[in-house]
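coords12.cif follows (mmCIF, C-alpha atoms):
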```cif
data_entry
loop_
_atom_site.label_atom_id
_atom_site.label_comp_id
_atom_site.auth_asym_id
_atom_site.auth_seq_id
_atom_site.Cartn_x
_atom_site.Cartn_y
_atom_site.Cartn_z
CA MET A 1 173.26 52.50 269.60
CA LYS A 2 176.81 52.61 270.78
CA THR A 3 177.64 55.96 272.35
CA LYS A 4 176.09 58.21 274.95
CA ASN A 5 178.33 61.17 274.24
CA LYS A 6 176.78 64.40 273.00
CA GLY A 7 177.23 65.05 269.32
CA LYS A 8 178.52 61.55 268.54
CA LYS A 9 176.63 59.34 266.15
CA VAL A 10 174.17 56.81 267.54
CA GLU A 11 174.61 53.21 266.43
CA GLN A 12 172.06 50.41 266.68
CA ASP A 13 172.73 47.57 264.21
CA LYS A 14 174.54 49.81 261.76
CA GLN A 15 175.73 53.39 261.87
CA SER A 16 172.87 55.88 262.38
CA PRO A 17 173.08 59.39 261.01
CA TYR A 18 171.56 60.74 264.26
CA SER A 19 173.29 61.87 267.44
CA PHE A 20 172.24 60.77 270.93
CA ASP A 21 170.60 64.18 271.53
CA GLU A 22 168.66 64.01 268.25
CA VAL A 23 167.33 60.54 269.07
CA TYR A 24 166.49 61.68 272.61
CA LYS A 25 164.53 64.68 271.29
CA ALA A 26 162.65 62.48 268.82
CA ILE A 27 161.72 59.93 271.51
CA THR A 28 160.50 62.62 273.91
CA GLN A 29 158.43 64.26 271.16
CA VAL A 30 156.77 60.93 270.40
CA LEU A 31 156.09 60.30 274.10
CA VAL A 32 154.60 63.77 274.57
CA LYS A 33 152.80 64.39 271.27
CA GLY A 34 152.61 61.03 269.50
CA THR A 35 149.58 58.83 269.05
CA GLU A 36 148.95 56.10 271.58
CA GLU A 37 150.34 53.53 269.12
CA GLN A 38 153.51 55.60 268.55
CA GLN A 39 153.97 56.02 272.30
CA LYS A 40 153.66 52.25 272.86
CA LYS A 41 156.29 51.59 270.16
CA ALA A 42 158.65 54.19 271.67
CA LEU A 43 158.26 52.70 275.15
CA LYS A 44 158.88 49.20 273.77
CA VAL A 45 162.12 50.39 272.14
CA LEU A 46 163.20 52.11 275.38
CA ASN A 47 162.40 49.07 277.51
CA GLU A 48 163.83 46.40 275.22
CA GLY A 49 166.69 48.27 273.54
CA LYS A 50 170.27 47.54 274.44
CA GLY A 51 173.35 49.76 274.44
CA ASP A 52 172.62 53.46 274.60
CA TRP A 53 168.87 52.90 274.78
CA VAL A 54 169.53 52.32 278.49
CA TRP A 55 171.10 55.80 278.71
CA LEU A 56 168.18 57.34 276.82
CA LYS A 57 165.79 55.73 279.30
CA ALA A 58 167.89 56.88 282.27
CA LYS A 59 168.02 60.45 280.94
CA LEU A 60 164.27 60.44 280.35
CA ILE A 61 163.55 59.21 283.88
CA THR A 62 166.00 61.67 285.44
CA GLU A 63 164.64 64.67 283.56
CA THR A 64 161.05 63.68 284.20
CA TYR A 65 161.76 63.35 287.93
CA SER A 66 163.58 66.69 288.08
CA PHE A 67 160.64 68.51 286.47
CA ALA A 68 157.95 66.72 288.51
CA ASP A 69 156.04 68.48 291.25
CA ALA A 70 155.90 67.04 294.78
CA LYS A 71 153.04 64.65 293.93
CA GLY A 72 154.92 63.41 290.85
CA LYS A 73 158.11 62.86 292.87
CA GLU A 74 156.09 60.91 295.42
CA GLU A 75 154.71 58.73 292.59
CA PHE A 76 158.23 58.06 291.29
CA ALA A 77 159.41 57.06 294.78
CA LEU A 78 156.44 54.73 295.28
CA ILE A 79 156.94 53.09 291.87
CA GLY A 80 160.59 52.48 292.71
CA MET A 81 159.71 51.06 296.12
CA GLN A 82 157.05 48.75 294.65
CA LYS A 83 159.75 46.61 292.99
CA HIS A 84 161.38 46.08 296.39
CA LEU A 85 158.02 45.19 297.95
CA ASP A 86 157.17 42.77 295.11
CA SER A 87 160.55 41.01 295.40
CA GLY A 88 160.27 40.73 299.18
CA SER A 89 163.47 42.69 299.82
CA ALA A 90 161.48 45.34 301.74
CA VAL A 91 158.29 45.55 303.75
CA LEU A 92 156.04 48.50 304.49
CA LEU A 93 155.90 49.18 308.22
CA ASN A 94 152.46 49.90 309.63
CA GLU A 95 153.58 52.91 311.65
CA VAL A 96 153.60 56.29 309.88
CA PHE A 97 156.54 58.45 310.99
CA THR A 98 155.95 62.18 311.53
CA ASP A 99 158.89 64.59 311.46
CA PRO A 100 158.68 66.52 314.76
CA GLU A 101 160.22 69.66 313.15
CA THR A 102 158.08 69.94 310.02
CA SER A 103 155.08 67.67 310.74
CA ILE A 104 155.69 65.97 307.38
CA ARG A 105 154.37 62.41 307.46
CA TYR A 106 156.41 59.50 306.04
CA ARG A 107 155.72 55.93 304.98
CA GLN A 108 158.42 53.71 306.47
CA TYR A 109 159.99 50.68 304.81
CA LYS A 110 162.35 48.13 306.30
CA PHE A 111 164.85 46.43 304.04
CA LYS A 112 166.30 43.03 304.92
CA LYS A 113 169.92 44.19 304.92
CA ARG A 114 169.56 47.97 305.04
CA PRO A 115 168.17 50.57 307.43
CA ILE A 116 164.69 52.03 307.39
CA TYR A 117 163.81 54.07 304.31
CA ARG A 118 161.13 56.77 304.35
CA ILE A 119 158.97 58.21 301.58
CA PRO A 120 157.18 61.44 302.52
CA PHE A 121 153.52 62.00 301.78
CA ALA A 122 153.27 64.94 299.36
CA THR A 123 150.93 67.71 300.48
CA GLU A 124 149.18 70.44 298.50
CA GLU A 125 151.44 73.11 300.02
CA MET A 126 154.66 71.23 299.24
CA ASP A 127 156.66 72.21 296.15
CA LYS A 128 159.18 69.93 294.43
CA TYR A 129 162.12 71.43 296.35
CA ALA A 130 160.48 70.85 299.72
CA TYR A 131 159.74 67.27 298.65
CA ASP A 132 163.38 66.69 297.66
CA LYS A 133 164.49 68.05 301.03
CA ALA A 134 161.99 65.82 302.86
CA ILE A 135 162.92 62.63 301.00
CA ASN A 136 166.63 63.21 301.64
CA LYS A 137 166.28 64.19 305.30
CA LYS A 138 167.85 61.94 307.93
CA PHE A 139 166.80 61.50 311.53
CA LEU A 140 168.45 60.42 314.79
CA GLY A 141 169.24 56.71 314.51
CA ASP A 142 169.42 56.73 310.70
CA PHE A 143 172.52 55.75 308.77
CA ILE A 144 174.46 57.23 305.87
CA GLU A 145 175.33 54.61 303.27
CA MET A 146 178.80 55.10 301.78
CA ASP A 147 179.95 53.03 298.80
CA VAL A 148 183.60 51.98 298.94
CA PRO A 149 184.30 50.83 295.38
CA ALA A 150 187.91 49.76 296.11
CA ASP A 151 186.66 47.26 298.70
CA ASN A 152 183.39 46.51 296.87
CA LYS A 153 181.36 47.14 300.02
CA VAL A 154 179.02 49.63 301.64
CA ILE A 155 179.82 51.26 304.98
CA MET A 156 176.91 52.25 307.20
CA ILE A 157 177.70 55.40 309.19
CA PRO A 158 175.32 55.94 312.13
CA LEU A 159 173.79 59.34 312.75
CA ASP A 160 173.81 58.75 316.48
CA THR A 161 173.87 62.29 317.84
CA PRO A 162 171.63 65.30 317.20
CA GLU A 163 174.75 67.22 316.07
CA LYS A 164 175.53 64.63 313.34
CA VAL A 165 171.93 64.67 312.12
CA LYS A 166 171.92 68.48 311.98
CA ASP A 167 175.27 68.53 310.17
CA TYR A 168 174.13 65.92 307.64
CA ASN A 169 170.84 67.67 306.89
CA GLY A 170 172.67 71.00 306.65
CA GLY A 171 175.27 69.63 304.22
CA ASP A 172 178.20 69.99 306.63
CA TYR A 173 178.60 66.40 307.85
CA PHE A 174 181.70 65.52 305.82
CA LYS A 175 183.38 68.82 306.70
CA LYS A 176 182.91 68.32 310.44
CA HIS A 177 183.10 64.55 310.96
CA ARG A 178 185.73 62.07 309.91
CA PHE A 179 184.99 59.31 307.44
CA PRO A 180 185.47 55.86 309.04
CA GLY A 181 188.97 54.57 308.33
CA THR A 182 190.52 58.00 307.79
CA ALA A 183 192.41 60.33 310.08
CA LYS A 184 190.58 63.33 311.46
CA LYS A 185 191.37 66.56 309.62
CA GLY A 186 193.64 69.17 311.25
#
```

I'd like the structure from this file rewritten - as structure tokens, please.
Amino acid sequence: MKTKNKGKKVEQDKQSPYSFDEVYKAITQVLVKGTEEQQKKALKVLNEGKGDWVWLKAKLITETYSFADAKGKEEFALIGMQKHLDSGSAVLLNEVFTDPETSIRYRQYKFKKRPIYRIPFATEEMDKYAYDKAINKKFLGDFIEMDVPADNKVIMIPLDTPEKVKDYNGGDYFKKHRFPGTAKKG
């Protein structure tokens, strides 16, 4: 496979007569409706394939996450965090954090070189949108991580006032607060 663009031909070792979208549809059909043996083969191709197979896998994960309910999103987050726990780059903190506004409970993880990360416990009443809001919510003392590709570094912006936390969670942070290293707007 050589291209990820819609409508373009997919190439593996030699030119394939199928587009990226056609291959994606075929893989998803096998994963949903195929036999167990077919599903294992499809997963092997996705996990071991090079080139655009990576993009097929990324699209599959992204779409699956976007359609998942709150419990499914929680599972995805825990699977992702498990790799960090296994490698030793993060540890699970014993203390469960409870959001004072919503009473949503969170598992807390501490990374070696990053701030605390929280994964909310999904509840029966929680829909996928409420889960997304909970997993992206920041609290007083948290940081916003900003990638600066030109400098190949990450800037940690502290949310050190209730106003900044409210603005960040409301989507207005970057309209109301200056980015470090830039002049304040008008």

Matched chain/residue IDs from the PyMOL selection byres ((chain A and resi 104-110) around 12), as a PyMOL selection string: chain A and resi 74+77-78+81-82+84-85+88-103+111-126+130-131+133-139+142

Determine the residue membership of the PyMOL selection byres ((chain A and resi 173) around 12) for the file above and supply it as a PyMOL selection string. chain A and resi 138+144+157-159+161-172+174-179

Run the PyMOL selection byres ((chain A and resi 61) around 12) against the file shown and list the residues it catches, as an MDAnalysis selection string. chainID A and resid 24 28 46 54:60 62:68 72:73 76:77 80

Please indicate the distance in Å from CA of Lys50 (chain A) to CA of Ser19 (chain A), rounded to one decimal place. 16.2 Å

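Reported to one decimal place, the separation of CA of Lys41 (chain A) from CA of Phe20 (chain A) is 18.4 Å.
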
Given all atoms listed in the file as the basis, pick out the residue of A:Asp86, A:Met156, A:Ile27, A:Gly49 nearest to Phe143 (chain A). A:Met156

I'd like the interatomic distance between CA of Lys71 (chain A) and CA of Val32 (chain A), to a tenth of an Å. 19.4 Å

For region 73-93 of chain A, which lacks atoms in the input, supply N, CA and C atoms and format the output as a PDB file, in the frame of the given file.
```pdb
ATOM      1  N   LYS A  73     156.915  63.440 292.246  1.00  0.00           N
ATOM      2  CA  LYS A  73     158.110  62.860 292.870  1.00  0.00           C
ATOM      3  C   LYS A  73     157.701  61.735 293.832  1.00  0.00           C
ATOM      4  N   GLU A  74     156.593  61.953 294.534  1.00  0.00           N
ATOM      5  CA  GLU A  74     156.090  60.910 295.420  1.00  0.00           C
ATOM      6  C   GLU A  74     155.727  59.665 294.603  1.00  0.00           C
ATOM      7  N   GLU A  75     155.057  59.852 293.465  1.00  0.00           N
ATOM      8  CA  GLU A  75     154.710  58.730 292.590  1.00  0.00           C
ATOM      9  C   GLU A  75     155.951  57.970 292.139  1.00  0.00           C
ATOM     10  N   PHE A  76     156.982  58.694 291.706  1.00  0.00           N
ATOM     11  CA  PHE A  76     158.230  58.060 291.290  1.00  0.00           C
ATOM     12  C   PHE A  76     158.799  57.216 292.428  1.00  0.00           C
ATOM     13  N   ALA A  77     158.845  57.772 293.632  1.00  0.00           N
ATOM     14  CA  ALA A  77     159.410  57.060 294.780  1.00  0.00           C
ATOM     15  C   ALA A  77     158.599  55.792 295.082  1.00  0.00           C
ATOM     16  N   LEU A  78     157.294  55.893 294.996  1.00  0.00           N
ATOM     17  CA  LEU A  78     156.440  54.730 295.280  1.00  0.00           C
ATOM     18  C   LEU A  78     156.573  53.660 294.209  1.00  0.00           C
ATOM     19  N   ILE A  79     156.729  54.061 292.950  1.00  0.00           N
ATOM     20  CA  ILE A  79     156.940  53.090 291.870  1.00  0.00           C
ATOM     21  C   ILE A  79     158.258  52.355 292.104  1.00  0.00           C
ATOM     22  N   GLY A  80     159.303  53.102 292.433  1.00  0.00           N
ATOM     23  CA  GLY A  80     160.590  52.480 292.710  1.00  0.00           C
ATOM     24  C   GLY A  80     160.529  51.523 293.894  1.00  0.00           C
ATOM     25  N   MET A  81     159.810  51.898 294.929  1.00  0.00           N
ATOM     26  CA  MET A  81     159.710  51.060 296.120  1.00  0.00           C
ATOM     27  C   MET A  81     158.874  49.806 295.848  1.00  0.00           C
ATOM     28  N   GLN A  82     157.925  49.893 294.934  1.00  0.00           N
ATOM     29  CA  GLN A  82     157.050  48.750 294.650  1.00  0.00           C
ATOM     30  C   GLN A  82     157.851  47.531 294.197  1.00  0.00           C
ATOM     31  N   LYS A  83     158.904  47.742 293.434  1.00  0.00           N
ATOM     32  CA  LYS A  83     159.750  46.610 292.990  1.00  0.00           C
ATOM     33  C   LYS A  83     160.385  45.905 294.187  1.00  0.00           C
ATOM     34  N   HIS A  84     160.803  46.678 295.183  1.00  0.00           N
ATOM     35  CA  HIS A  84     161.380  46.080 296.390  1.00  0.00           C
ATOM     36  C   HIS A  84     160.319  45.314 297.181  1.00  0.00           C
ATOM     37  N   LEU A  85     159.108  45.864 297.236  1.00  0.00           N
ATOM     38  CA  LEU A  85     158.020  45.190 297.950  1.00  0.00           C
ATOM     39  C   LEU A  85     157.648  43.894 297.234  1.00  0.00           C
ATOM     40  N   ASP A  86     157.540  43.951 295.896  1.00  0.00           N
ATOM     41  CA  ASP A  86     157.170  42.770 295.110  1.00  0.00           C
ATOM     42  C   ASP A  86     158.202  41.655 295.242  1.00  0.00           C
ATOM     43  N   SER A  87     159.487  42.017 295.312  1.00  0.00           N
ATOM     44  CA  SER A  87     160.550  41.010 295.400  1.00  0.00           C
ATOM     45  C   SER A  87     160.728  40.480 296.826  1.00  0.00           C
ATOM     46  N   GLY A  88     160.138  41.160 297.795  1.00  0.00           N
ATOM     47  CA  GLY A  88     160.270  40.730 299.180  1.00  0.00           C
ATOM     48  C   GLY A  88     161.516  41.272 299.864  1.00  0.00           C
ATOM     49  N   SER A  89     162.262  42.152 299.196  1.00  0.00           N
ATOM     50  CA  SER A  89     163.470  42.690 299.820  1.00  0.00           C
ATOM     51  C   SER A  89     163.154  43.820 300.808  1.00  0.00           C
ATOM     52  N   ALA A  90     161.910  44.301 300.794  1.00  0.00           N
ATOM     53  CA  ALA A  90     161.480  45.340 301.740  1.00  0.00           C
ATOM     54  C   ALA A  90     160.034  45.103 302.126  1.00  0.00           C
ATOM     55  N   VAL A  91     159.678  45.609 303.297  1.00  0.00           N
ATOM     56  CA  VAL A  91     158.290  45.550 303.750  1.00  0.00           C
ATOM     57  C   VAL A  91     157.871  46.943 304.218  1.00  0.00           C
ATOM     58  N   LEU A  92     156.602  47.246 304.014  1.00  0.00           N
ATOM     59  CA  LEU A  92     156.040  48.500 304.490  1.00  0.00           C
ATOM     60  C   LEU A  92     155.699  48.334 305.965  1.00  0.00           C
ATOM     61  N   LEU A  93     156.221  49.220 306.796  1.00  0.00           N
ATOM     62  CA  LEU A  93     155.900  49.180 308.220  1.00  0.00           C
ATOM     63  C   LEU A  93     154.552  49.855 308.438  1.00  0.00           C
TER      64      LEU A  93
END
```
